[in-house]
Structures are given as C-alpha cells and as structure tokens.
>>> print(open('entry.txt').read())   # compact mmCIF, C-alpha atoms
# COMPACT_ATOMS: atom_id res chain seq x y z
CA MET J 1 -15.72 9.44 15.08
CA GLY J 2 -12.08 10.51 15.06
CA LYS J 3 -9.23 8.14 14.63
CA LYS J 4 -7.34 6.75 17.56
CA VAL J 5 -3.75 7.70 18.07
CA ILE J 6 -2.25 4.56 19.52
CA GLY J 7 -0.28 4.95 22.70
CA GLU J 8 3.48 4.68 23.00
CA ASP J 9 3.14 1.43 24.99
CA MET J 10 1.16 -0.18 22.22
CA LYS J 11 3.53 1.12 19.58
CA LYS J 12 6.44 -0.34 21.55
CA ARG J 13 4.68 -3.71 21.64
CA PHE J 14 4.33 -3.56 17.86
CA MET J 15 7.97 -2.67 17.37
CA GLU J 16 9.23 -5.38 19.68
CA SER J 17 6.94 -8.07 18.28
CA VAL J 18 8.47 -8.13 14.82
CA GLU J 19 10.03 -11.56 14.34
CA PHE J 20 10.71 -13.67 11.29
CA HIS J 21 10.42 -17.42 11.64
CA LYS J 22 12.25 -19.35 8.96
CA ASP J 23 10.12 -22.41 9.68
CA HIS J 24 6.99 -20.42 8.73
CA VAL J 25 6.11 -20.58 5.06
CA HIS J 26 3.84 -18.16 3.19
CA VAL J 27 1.82 -19.07 0.13
CA VAL J 28 0.76 -15.89 -1.65
CA GLU J 29 -1.69 -15.71 -4.52
CA MET J 30 -0.38 -13.48 -7.29
CA ASN J 31 -1.46 -12.84 -10.83
CA GLU J 32 1.31 -15.08 -12.16
CA GLY J 33 0.52 -17.93 -9.77
CA TRP J 34 0.90 -19.04 -6.15
CA VAL J 35 4.23 -17.98 -4.70
CA ILE J 36 5.86 -20.03 -1.94
CA LYS J 37 8.44 -18.40 0.31
CA ARG J 38 9.86 -18.64 3.78
CA GLU J 39 9.05 -15.88 6.24
CA GLY J 40 11.48 -12.97 6.06
CA SER J 41 13.16 -14.34 2.96
CA LYS J 42 13.72 -12.18 -0.11
CA LYS J 43 13.70 -15.23 -2.34
CA THR J 44 10.83 -17.26 -3.68
CA ILE J 45 11.08 -21.02 -3.29
CA GLN J 46 8.67 -21.77 -6.11
CA THR J 47 5.74 -20.35 -8.06
CA VAL J 48 3.02 -22.80 -9.08
CA SER J 49 -0.29 -22.52 -10.88
CA SER J 50 -2.76 -23.44 -8.14
CA GLN J 51 -3.25 -23.40 -4.37
CA GLU J 52 -3.40 -27.18 -4.36
CA ALA J 53 -0.07 -27.45 -6.15
CA ALA J 54 1.41 -24.95 -3.70
CA MET J 55 0.27 -26.94 -0.66
CA LYS J 56 1.65 -30.12 -2.19
CA ALA J 57 4.99 -28.40 -2.74
CA VAL J 58 5.01 -27.03 0.82
CA HIS J 59 4.45 -30.50 2.25
CA ASP J 60 7.63 -31.62 0.50
CA LEU J 61 9.68 -28.93 2.24
CA LYS J 62 11.72 -29.64 5.36
CA ASN J 63 11.64 -27.60 8.57
CA VAL J 64 8.15 -26.14 8.24
CA SER J 65 5.98 -25.63 11.33
CA LYS J 66 3.28 -23.30 9.96
CA VAL J 67 1.92 -22.47 6.53
CA TYR J 68 0.03 -19.23 5.94
CA VAL J 69 -2.08 -19.01 2.81
CA HIS J 70 -2.82 -15.51 1.50
CA PRO J 71 -5.60 -15.61 -1.12
CA LYS J 72 -6.43 -12.46 -3.07
CA VAL J 73 -10.00 -12.69 -1.87
CA GLY J 74 -10.87 -13.93 1.59
CA ASP J 75 -9.02 -14.26 4.85
CA ILE J 76 -5.54 -15.60 5.53
CA SER J 77 -5.61 -19.22 6.66
CA VAL J 78 -3.02 -21.12 8.65
CA GLU J 79 -2.05 -24.78 8.65
CA ILE J 80 -0.02 -26.26 11.48
CA MET J 81 2.40 -28.88 10.23
CA GLU J 82 3.09 -32.04 12.22
CA MET R 1 10.31 23.02 1.15
CA MET R 2 10.35 20.02 -1.17
CA ASP R 3 11.84 16.75 -0.02
CA THR R 4 12.78 14.54 -2.97
CA LYS R 5 11.48 11.49 -1.09
CA ASN R 6 8.01 12.86 -0.34
CA VAL R 7 5.07 11.36 -2.24
CA PHE R 8 1.67 12.99 -1.81
CA ILE R 9 -1.25 10.56 -1.79
CA ASN R 10 -4.73 11.65 -2.87
CA CYS R 11 -7.20 8.82 -2.50
CA PRO R 12 -10.60 7.89 -1.10
CA PHE R 13 -10.91 7.12 2.59
CA ASP R 14 -13.20 4.12 2.93
CA ASN R 15 -12.84 0.57 4.20
CA GLU R 16 -13.07 -0.98 0.75
CA PHE R 17 -10.11 1.08 -0.41
CA TYR R 18 -8.05 0.50 2.77
CA PRO R 19 -6.15 -2.61 1.51
CA LEU R 20 -5.14 -0.61 -1.57
CA LEU R 21 -4.08 2.37 0.54
CA LYS R 22 -1.97 0.16 2.80
CA GLY R 23 -0.40 -1.28 -0.37
CA ILE R 24 0.44 2.27 -1.50
CA PHE R 25 2.03 3.05 1.88
CA PHE R 26 3.93 -0.23 1.84
CA VAL R 27 5.52 0.00 -1.60
CA LEU R 28 6.54 3.63 -1.06
CA ILE R 29 8.16 2.90 2.30
CA TYR R 30 9.80 -0.22 0.90
CA LEU R 31 11.38 1.90 -1.84
CA ASP R 32 12.56 4.44 0.79
CA PHE R 33 9.99 7.11 -0.02
CA LYS R 34 7.83 9.00 2.48
CA PRO R 35 4.03 8.79 2.04
CA LYS R 36 2.36 12.15 2.67
CA ILE R 37 -1.36 12.04 3.30
CA ALA R 38 -3.85 14.27 5.09
CA GLU R 39 -5.48 12.61 8.08
CA THR R 40 -9.25 12.54 7.89
CA SER R 41 -9.67 14.34 11.20
CA ASP R 42 -7.04 17.05 11.19
CA SER R 43 -8.14 19.70 13.61
CA GLY R 44 -7.23 23.35 13.93
CA GLN R 45 -6.29 23.68 10.28
CA VAL R 46 -8.32 24.15 7.14
CA ARG R 47 -8.05 20.77 5.44
CA ILE R 48 -7.41 22.07 1.94
CA LEU R 49 -4.53 24.23 3.19
CA LYS R 50 -2.96 21.21 4.83
CA ILE R 51 -3.33 19.32 1.54
CA LYS R 52 -1.77 22.19 -0.39
CA ASP R 53 1.23 22.19 1.97
CA LEU R 54 1.69 18.46 1.46
CA MET R 55 1.56 18.93 -2.32
CA LEU R 56 4.11 21.74 -2.16
CA SER R 57 6.52 19.53 -0.22
CA SER R 58 6.11 16.54 -2.57
CA PRO R 59 7.74 16.29 -6.02
CA LEU R 60 5.76 13.10 -6.65
CA SER R 61 2.00 12.58 -6.27
CA ILE R 62 -0.32 9.64 -6.58
CA HIS R 63 -3.92 10.49 -7.42
CA ASP R 64 -6.46 7.69 -7.27
CA LEU R 65 -9.65 8.31 -9.26
CA SER R 66 -11.07 4.82 -8.91
CA ARG R 67 -13.81 5.90 -6.51
CA ILE R 68 -15.32 8.80 -8.42
CA ASP R 69 -18.57 6.84 -8.40
CA PRO R 70 -20.99 7.37 -5.50
CA LEU R 71 -20.72 4.90 -2.61
CA VAL R 72 -24.45 4.20 -2.85
CA THR R 73 -26.95 4.46 -5.69
CA ASP R 74 -28.49 7.92 -6.16
CA ALA R 75 -25.78 9.59 -4.10
CA ALA R 76 -23.67 12.35 -5.61
CA ALA R 77 -20.35 11.62 -7.31
CA ARG R 78 -17.28 11.76 -5.07
CA LEU R 79 -15.33 14.72 -6.39
CA ASN R 80 -12.70 15.32 -3.70
CA MET R 81 -10.05 13.25 -5.48
CA ALA R 82 -10.55 15.00 -8.83
CA PHE R 83 -10.66 18.38 -7.04
CA GLU R 84 -7.39 17.75 -5.22
CA MET R 85 -5.73 16.46 -8.37
CA GLY R 86 -6.77 19.67 -10.10
CA ILE R 87 -5.07 21.71 -7.39
CA ASP R 88 -1.89 19.67 -7.83
CA PHE R 89 -1.98 20.20 -11.60
CA GLY R 90 -2.53 23.91 -10.91
CA LEU R 91 0.61 24.02 -8.79
CA LYS R 92 2.62 22.19 -11.45
CA TYR R 93 1.59 24.63 -14.14
CA SER R 94 1.60 27.75 -11.92
CA GLY R 95 4.76 29.09 -13.49
CA ILE R 96 6.79 28.49 -10.34
CA ALA R 97 9.96 26.84 -11.63
CA GLU R 98 10.43 24.50 -8.67
CA LEU R 99 6.97 23.01 -9.16
CA GLU R 100 7.24 22.31 -12.89
CA ALA R 101 9.15 19.10 -12.18
CA LYS R 102 6.30 17.58 -10.16
CA ARG R 103 5.35 14.14 -11.46
CA PHE R 104 1.96 12.44 -11.09
CA LEU R 105 0.77 8.87 -11.20
CA ILE R 106 -2.97 8.64 -11.73
CA LEU R 107 -4.62 5.41 -10.65
CA GLU R 108 -7.91 4.23 -12.03
CA LYS R 109 -10.16 1.23 -11.60
CA GLU R 110 -10.40 0.22 -15.26
CA ASP R 111 -8.41 0.95 -18.41
CA HIS R 112 -9.48 4.16 -20.18
CA ARG R 113 -12.52 4.74 -17.94
CA TYR R 114 -11.23 8.25 -17.11
CA LYS R 115 -11.81 9.26 -20.74
CA THR R 116 -15.54 9.29 -20.06
CA PHE R 117 -15.35 11.88 -17.28
CA LEU R 118 -11.89 13.52 -17.29
CA SER R 119 -10.37 13.26 -20.75
CA ASP R 120 -8.12 16.30 -20.18
CA ILE R 121 -5.71 14.14 -18.19
CA SER R 122 -4.83 12.05 -21.25
CA GLY R 123 -1.10 11.90 -21.82
CA ASN R 124 -0.23 11.52 -18.14
CA ASP R 125 0.92 8.35 -16.36
CA ILE R 126 -2.40 6.56 -15.83
CA LYS R 127 -2.62 2.97 -14.63
CA SER R 128 -5.62 0.84 -13.77
CA HIS R 129 -5.46 -1.33 -10.65
CA ARG R 130 -8.79 -3.17 -10.86
CA ASN R 131 -9.02 -2.92 -7.06
CA ASP R 132 -6.12 -5.35 -6.76
CA PRO R 133 -3.38 -4.44 -4.21
CA GLU R 134 -0.84 -6.38 -6.29
CA LEU R 135 -1.52 -4.17 -9.32
CA VAL R 136 -1.36 -1.04 -7.13
CA ILE R 137 2.05 -2.11 -5.84
CA LYS R 138 3.26 -3.03 -9.34
CA SER R 139 2.02 0.24 -10.85
CA ILE R 140 3.76 2.35 -8.22
CA ARG R 141 6.94 0.29 -8.27
CA ASP R 142 7.17 0.57 -12.07
CA TRP R 143 6.41 4.29 -11.97
CA ILE R 144 9.10 4.96 -9.36
CA LYS R 145 11.56 2.98 -11.45
CA ALA R 146 10.63 5.06 -14.51
CA GLN R 147 11.48 8.25 -12.61
CA GLY R 148 15.07 6.99 -12.64
CA GLN R 149 15.74 8.04 -9.06
CA GLU R 150 16.56 4.61 -7.72
CA ALA R 151 19.46 2.58 -9.07
CA ALA R 152 18.18 -0.85 -8.10
CA ILE R 153 14.56 -1.56 -7.38
CA PRO R 154 13.27 -4.95 -6.27
CA ARG R 155 10.63 -6.65 -8.36
CA HIS R 156 7.01 -6.14 -7.39
CA LYS R 157 6.75 -9.85 -6.61
CA LEU R 158 9.08 -9.45 -3.63
CA ILE R 159 7.34 -6.30 -2.42
CA PHE R 160 3.87 -7.82 -2.71
CA SER R 161 4.81 -11.03 -0.91
CA ALA R 162 6.42 -8.94 1.85
CA TYR R 163 3.23 -6.86 2.01
CA ASN R 164 1.26 -10.05 2.62
CA GLU R 165 3.62 -11.04 5.43
CA PHE R 166 3.29 -7.60 6.97
CA SER R 167 -0.51 -7.72 6.70
CA LEU R 168 -0.59 -10.94 8.70
CA PHE R 169 1.58 -9.41 11.42
CA TYR R 170 -0.37 -6.14 11.47
CA ASN R 171 -3.81 -7.75 11.50
CA GLN R 172 -2.86 -10.09 14.34
CA MET R 173 -1.30 -7.31 16.41
CA ILE R 174 -4.04 -4.74 15.85
CA SER R 175 -6.76 -7.31 16.58
CA SER R 176 -5.06 -8.36 19.81
CA GLU R 177 -5.18 -4.71 20.90
CA GLY R 178 -8.94 -4.56 20.33
CA TYR R 179 -8.92 -2.71 17.01
CA ASP R 180 -10.54 -3.77 13.75
CA PRO R 181 -7.78 -4.08 11.11
CA LYS R 182 -10.31 -3.57 8.30
CA GLU R 183 -11.59 -0.28 9.73
CA ILE R 184 -9.82 2.65 8.10
CA THR R 185 -10.74 5.00 10.94
CA ALA R 186 -9.35 2.75 13.68
CA VAL R 187 -5.77 4.00 13.75
CA THR R 188 -4.17 7.17 12.40
CA PHE R 189 -2.29 6.93 9.12
CA SER R 190 0.86 8.24 10.79
CA ASP R 191 0.76 5.34 13.26
CA VAL R 192 0.20 2.80 10.48
CA ILE R 193 3.10 4.30 8.51
CA GLU R 194 5.40 4.22 11.56
CA ILE R 195 4.55 0.58 12.33
CA MET R 196 5.03 -0.34 8.68
CA ALA R 197 8.37 1.45 8.41
CA ASN R 198 9.64 -0.37 11.49
CA TRP R 199 8.56 -3.76 10.11
CA ILE R 200 10.08 -3.09 6.66
CA GLY R 201 13.34 -1.93 8.22
CA LYS R 202 13.62 -5.21 10.11
CA PHE R 203 12.53 -7.28 7.09
CA LYS R 204 15.28 -5.75 4.98
CA LYS R 205 17.89 -6.64 7.59
CA VAL R 206 16.94 -10.33 7.83
>>> encode(input="entry.txt", output="structure tokens")
Amino acid sequence: MGKKVIGEDMKKRFMESVEFHKDHVHVVEMNEGWVIKREGSKKTIQTVSSQEAAMKAVHDLKNVSKVYVHPKVGDISVEIME
Amino acid sequence: MMDTKNVFINCPFDNEFYPLLKGIFFVLIYLDFKPKIAETSDSGQVRILKIKDLMLSSPLSIHDLSRIDPLVTDAAARLNMAFEMGIDFGLKYSGIAELEAKRFLILEKEDHRYKTFLSDISGNDIKSHRNDPELVIKSIRDWIKAQGQEAAIPRHKLIFSAYNEFSLFYNQMISSEGYDPKEITAVTFSDVIEIMANWIGKFKKV
C-alpha cells in the first residue's frame, strides 16, 4: 500500500497547533539519567538518577499543570497536577 | 548540483526502525541540514536512479547497516543498504573531483559487528546506536560537529529532549487525524520532514 500524502488542510492544522506551554513539564529518560525540563525550554531544570526521583522533584516545582514522562521503552504517560 | 546542507539517508524502511529514522530527520533539521531520502513508493522513476541523484546532490551521507539481518528467520539478508552504500562509495572514488569530498557516517547496531560481514569499510566513521534514538541523535550530532561546518552546535541532550517533545505533539496530532504514528507507511517522509521543520522552527524561537 502506498503512503498517504496528507492534505494541505491537515498540514495547516499541524502547523497552527504548535504551542509550548510553560506549565507543562517533560521528564525524559536519557542514558545519563532522567532529565526534567519545561516545555519549549532549551534549559534542563535537573537531571536525576531515577523516574521516582524525577517525579519527586517535579512535585516540588511551582506552576506545573501537566507532567509528561518519556521512557525509552514504552509509551509516554501524562500526570495531571492539582 | 550539490547543496552543502543536503544529507543523504540510506536506511531500512520498517516500523521498528521508524523511531530511529525520525530521530535522524530531527537532529539533521535541528542542525539546519536537509534530510534527503527516497520515498518507498516513488512512481515514474527507476528507484536506483532517484537514489543516485540524491547521493550526487549530498556531500554528506548516513548509511545505516543495523538491519542487514533478515526480518524473519530463514529469510534472505537485507542487502539494499549495503548495496546503496557501495554506490555512494563508488561515486566518492569515481575520480570526479567534486565527489571526493563526500563524507559518510555509517551506523551499526553493535560495536564492530560490521567486521564480520563488511570489513572493507574499516577506517570510516562508524558508530553503533544499539537501536537507541538517543545514541542515533548523539552520533549524528557529534559527526556533524566533527565536520567543522557549524560554529556552535547544541548538546545532544537538548536535541534529544526536544525530539521527545516533538514526538508527543506529532503522535497526538497524527492519531487525531486517524493515522497510526508507529506505521512508517502512514505518511510520506516529505510530509513528516515538513511538519518537523515547522515545529523545530517554532521551538527555536520560544
């Protein structure tokens, strides 16, 4: 089956949907540890040795509404913060 | 005509490799290069001629040999990647002055595995990625830096974390449109590259 060329309308929706929410935090598993950063930021807040330590550190941050966890294996999970 | 920013990509086209391929696209675009890859379903043109044209327009090439093994037991080896790499080496050593400066990064699954089936490539830039998108991004980032073309290059840590952010956005968007983000044949590479370039452009401006 051939690939689908997506339509211009869909492409426009993609282009217009790009937003960066500073109150969204990403926890990314890397070979050197779990990196914590705010969405769209070029700077890392912290790098810790485990996912548990990362989540603990995230809960100490202010102005966080969502946390996305990106493990190397498995799907991305999301936690909604109160 | 060569464009100094073109990078030809020779790699397997299967779903297992797709996260690595998207990592290759991402790091190249992030570093302001242009990924050049033959679509799997080009029509009206002999595929190998299209590939040759892409090689001729690209001073840099990335050849991934990590999937030389058959996809299933008892199947034949997958030789397209080695075949295409051989053509690229042929162009480099053809005696045409413009092509002598071509540079190759060869990606493998494990350290030194290539020595068991393609030892003639020893002495080239060969990195193993262990099927890890982070190592793919790091290998390419470090290789680009070694070419000395870019004055300042961000660390792979920034690029890989941005890649993860992009993947979340892309997977959510593509799923909402009824496509499977893990299916390599779902959307054309040129569309993926265009969407990625748009996202990276906006990320850099934040």
>>> residues_around(input="entry.txt", residues="stretch 14-25 of chain J", least_positions_apart="6", cutoff="8 Å", atoms="all atoms listed in the file", output="list in words")
Ile36, Lys37, Arg38, Glu39, Gly40, Ser41, Val58, Asn63, Val64, Ser65, Lys66, Val67 and Tyr68 of chain J; Phe169, Met173, Ile195, Asn198, Trp199, Lys202, Phe203 and Val206 of chain R
>>> closest_atom_pairs(input="entry.txt", of="chain R", to="chain J", cutoff="9 Å", atoms="all atoms listed in the file", output="JSON lines")
{"residue": "R:Glu39", "atom": "CA", "partner": "J:Lys3", "partner_atom": "CA", "distance": 8.8}
{"residue": "R:Thr40", "atom": "CA", "partner": "J:Gly2", "partner_atom": "CA", "distance": 8.0}
{"residue": "R:Ser41", "atom": "CA", "partner": "J:Gly2", "partner_atom": "CA", "distance": 5.9}
{"residue": "R:Asp132", "atom": "CA", "partner": "J:Lys72", "partner_atom": "CA", "distance": 8.0}
{"residue": "R:Pro133", "atom": "CA", "partner": "J:Lys72", "partner_atom": "CA", "distance": 8.7}
{"residue": "R:Glu134", "atom": "CA", "partner": "J:Met30", "partner_atom": "CA", "distance": 7.2}
{"residue": "R:Leu135", "atom": "CA", "partner": "J:Asn31", "partner_atom": "CA", "distance": 8.8}
{"residue": "R:Lys157", "atom": "CA", "partner": "J:Met30", "partner_atom": "CA", "distance": 8.0}
{"residue": "R:Leu158", "atom": "CA", "partner": "J:Lys42", "partner_atom": "CA", "distance": 6.4}
{"residue": "R:Ile159", "atom": "CA", "partner": "J:Lys42", "partner_atom": "CA", "distance": 9.0}
{"residue": "R:Phe160", "atom": "CA", "partner": "J:Met30", "partner_atom": "CA", "distance": 8.4}
{"residue": "R:Ser161", "atom": "CA", "partner": "J:Val28", "partner_atom": "CA", "distance": 6.4}
{"residue": "R:Ala162", "atom": "CA", "partner": "J:Gly40", "partner_atom": "CA", "distance": 7.7}
{"residue": "R:Asn164", "atom": "CA", "partner": "J:His70", "partner_atom": "CA", "distance": 6.9}
{"residue": "R:Glu165", "atom": "CA", "partner": "J:Glu39", "partner_atom": "CA", "distance": 7.3}
{"residue": "R:Leu168", "atom": "CA", "partner": "J:Ile76", "partner_atom": "CA", "distance": 7.5}
{"residue": "R:Phe169", "atom": "CA", "partner": "J:Val18", "partner_atom": "CA", "distance": 7.8}
{"residue": "R:Tyr170", "atom": "CA", "partner": "J:Phe14", "partner_atom": "CA", "distance": 8.3}
{"residue": "R:Met173", "atom": "CA", "partner": "J:Phe14", "partner_atom": "CA", "distance": 6.9}
{"residue": "R:Ile174", "atom": "CA", "partner": "J:Phe14", "partner_atom": "CA", "distance": 8.7}
{"residue": "R:Glu177", "atom": "CA", "partner": "J:Met10", "partner_atom": "CA", "distance": 7.9}
{"residue": "R:Ile184", "atom": "CA", "partner": "J:Lys3", "partner_atom": "CA", "distance": 8.6}
{"residue": "R:Thr185", "atom": "CA", "partner": "J:Lys3", "partner_atom": "CA", "distance": 5.1}
{"residue": "R:Ala186", "atom": "CA", "partner": "J:Lys3", "partner_atom": "CA", "distance": 5.5}
{"residue": "R:Val187", "atom": "CA", "partner": "J:Lys4", "partner_atom": "CA", "distance": 5.0}
{"residue": "R:Thr188", "atom": "CA", "partner": "J:Lys3", "partner_atom": "CA", "distance": 5.6}
{"residue": "R:Phe189", "atom": "CA", "partner": "J:Lys3", "partner_atom": "CA", "distance": 8.9}
{"residue": "R:Ser190", "atom": "CA", "partner": "J:Val5", "partner_atom": "CA", "distance": 8.6}
{"residue": "R:Asp191", "atom": "CA", "partner": "J:Ile6", "partner_atom": "CA", "distance": 7.0}
{"residue": "R:Glu194", "atom": "CA", "partner": "J:Lys11", "partner_atom": "CA", "distance": 8.8}
{"residue": "R:Ile195", "atom": "CA", "partner": "J:Met15", "partner_atom": "CA", "distance": 6.9}
{"residue": "R:Asn198", "atom": "CA", "partner": "J:Met15", "partner_atom": "CA", "distance": 6.5}
{"residue": "R:Trp199", "atom": "CA", "partner": "J:Val18", "partner_atom": "CA", "distance": 6.4}
{"residue": "R:Lys202", "atom": "CA", "partner": "J:Val18", "partner_atom": "CA", "distance": 7.6}
{"residue": "R:Phe203", "atom": "CA", "partner": "J:Gly40", "partner_atom": "CA", "distance": 5.9}
{"residue": "R:Lys204", "atom": "CA", "partner": "J:Gly40", "partner_atom": "CA", "distance": 8.2}
{"residue": "R:Val206", "atom": "CA", "partner": "J:Gly40", "partner_atom": "CA", "distance": 6.3}
>>> write_last_selection(input="entry.txt", atoms="C-alpha atoms", output="short mmCIF file (atom, residue, chain, number, x, y, z; two decimals), keeping the file's coordinate frame")
data_model
loop_
_atom_site.label_atom_id
_atom_site.label_comp_id
_atom_site.auth_asym_id
_atom_site.auth_seq_id
_atom_site.Cartn_x
_atom_site.Cartn_y
_atom_site.Cartn_z
CA GLU R 39 -5.48 12.61 8.08
CA THR R 40 -9.25 12.54 7.89
CA SER R 41 -9.67 14.34 11.20
CA ASP R 132 -6.12 -5.35 -6.76
CA PRO R 133 -3.38 -4.44 -4.21
CA GLU R 134 -0.84 -6.38 -6.29
CA LEU R 135 -1.52 -4.17 -9.32
CA LYS R 157 6.75 -9.85 -6.61
CA LEU R 158 9.08 -9.45 -3.63
CA ILE R 159 7.34 -6.30 -2.42
CA PHE R 160 3.87 -7.82 -2.71
CA SER R 161 4.81 -11.03 -0.91
CA ALA R 162 6.42 -8.94 1.85
CA ASN R 164 1.26 -10.05 2.62
CA GLU R 165 3.62 -11.04 5.43
CA LEU R 168 -0.59 -10.94 8.70
CA PHE R 169 1.58 -9.41 11.42
CA TYR R 170 -0.37 -6.14 11.47
CA MET R 173 -1.30 -7.31 16.41
CA ILE R 174 -4.04 -4.74 15.85
CA GLU R 177 -5.18 -4.71 20.90
CA ILE R 184 -9.82 2.65 8.10
CA THR R 185 -10.74 5.00 10.94
CA ALA R 186 -9.35 2.75 13.68
CA VAL R 187 -5.77 4.00 13.75
CA THR R 188 -4.17 7.17 12.40
CA PHE R 189 -2.29 6.93 9.12
CA SER R 190 0.86 8.24 10.79
CA ASP R 191 0.76 5.34 13.26
CA GLU R 194 5.40 4.22 11.56
CA ILE R 195 4.55 0.58 12.33
CA ASN R 198 9.64 -0.37 11.49
CA TRP R 199 8.56 -3.76 10.11
CA LYS R 202 13.62 -5.21 10.11
CA PHE R 203 12.53 -7.28 7.09
CA LYS R 204 15.28 -5.75 4.98
CA VAL R 206 16.94 -10.33 7.83
#
>>> residues_around(input="entry.txt", residues="J:Gln51", least_positions_apart="3", cutoff="8 Å", atoms="all atoms listed in the file", output="list in words")
Glu29, Trp34, Val48, Ala54 and Met55 of chain J
>>> residues_around(input="entry.txt", residues="stretch 48-59 of chain R", least_positions_apart="2", cutoff="7 Å", atoms="only C-alpha atoms", output="short mmCIF file (atom, residue, chain, number, x, y, z; two decimals) with C-alpha atoms, keeping the file's coordinate frame")
data_model
loop_
_atom_site.label_atom_id
_atom_site.label_comp_id
_atom_site.auth_asym_id
_atom_site.auth_seq_id
_atom_site.Cartn_x
_atom_site.Cartn_y
_atom_site.Cartn_z
CA MET R 1 10.31 23.02 1.15
CA MET R 2 10.35 20.02 -1.17
CA ASP R 3 11.84 16.75 -0.02
CA THR R 4 12.78 14.54 -2.97
CA ASN R 6 8.01 12.86 -0.34
CA VAL R 7 5.07 11.36 -2.24
CA PHE R 8 1.67 12.99 -1.81
CA LYS R 36 2.36 12.15 2.67
CA ALA R 38 -3.85 14.27 5.09
CA GLN R 45 -6.29 23.68 10.28
CA VAL R 46 -8.32 24.15 7.14
CA SER R 61 2.00 12.58 -6.27
CA ASP R 88 -1.89 19.67 -7.83
CA ALA R 101 9.15 19.10 -12.18
CA LYS R 102 6.30 17.58 -10.16
CA ARG R 103 5.35 14.14 -11.46
#
>>> atom_distance(input="entry.txt", atom1="atom CA of R:Trp143", atom2="atom CA of R:His129")
13.2 Å
>>> atom_distance(input="entry.txt", atom1="atom CA of R:Phe83", atom2="atom CA of R:Leu21")
18.9 Å
>>> closest_residue(input="entry.txt", among="R:Ser122, R:Ser139, R:Asn15, R:Asn10", to="R:His156", atoms="all atoms listed in the file")
R:Ser139
>>> residues_around(input="entry.txt", residues="R:Ile29", least_positions_apart="3", cutoff="10 Å", atoms="all atoms listed in the file", output="mmCIF file with C-alpha atoms, in the frame of the given file")
data_model
loop_
_atom_site.group_PDB
_atom_site.id
_atom_site.type_symbol
_atom_site.label_atom_id
_atom_site.label_comp_id
_atom_site.auth_asym_id
_atom_site.auth_seq_id
_atom_site.Cartn_x
_atom_site.Cartn_y
_atom_site.Cartn_z
ATOM 1 C CA LYS R 5 11.480 11.490 -1.090
ATOM 2 C CA GLY R 23 -0.400 -1.280 -0.370
ATOM 3 C CA ILE R 24 0.440 2.270 -1.500
ATOM 4 C CA PHE R 25 2.030 3.050 1.880
ATOM 5 C CA PHE R 26 3.930 -0.230 1.840
ATOM 6 C CA ASP R 32 12.560 4.440 0.790
ATOM 7 C CA PHE R 33 9.990 7.110 -0.020
ATOM 8 C CA LYS R 34 7.830 9.000 2.480
ATOM 9 C CA PRO R 35 4.030 8.790 2.040
ATOM 10 C CA ILE R 193 3.100 4.300 8.510
ATOM 11 C CA GLU R 194 5.400 4.220 11.560
ATOM 12 C CA MET R 196 5.030 -0.340 8.680
ATOM 13 C CA ALA R 197 8.370 1.450 8.410
ATOM 14 C CA ASN R 198 9.640 -0.370 11.490
ATOM 15 C CA ILE R 200 10.080 -3.090 6.660
ATOM 16 C CA GLY R 201 13.340 -1.930 8.220
#
>>> atom_distance(input="entry.txt", atom1="atom CA of R:Val27", atom2="atom CA of R:Asp111")
21.9 Å
>>> closest_residue(input="entry.txt", among="R:Leu31, R:Ala76, R:Ile96, R:Leu20", to="R:Lys109", atoms="all atoms listed in the file")
R:Leu20
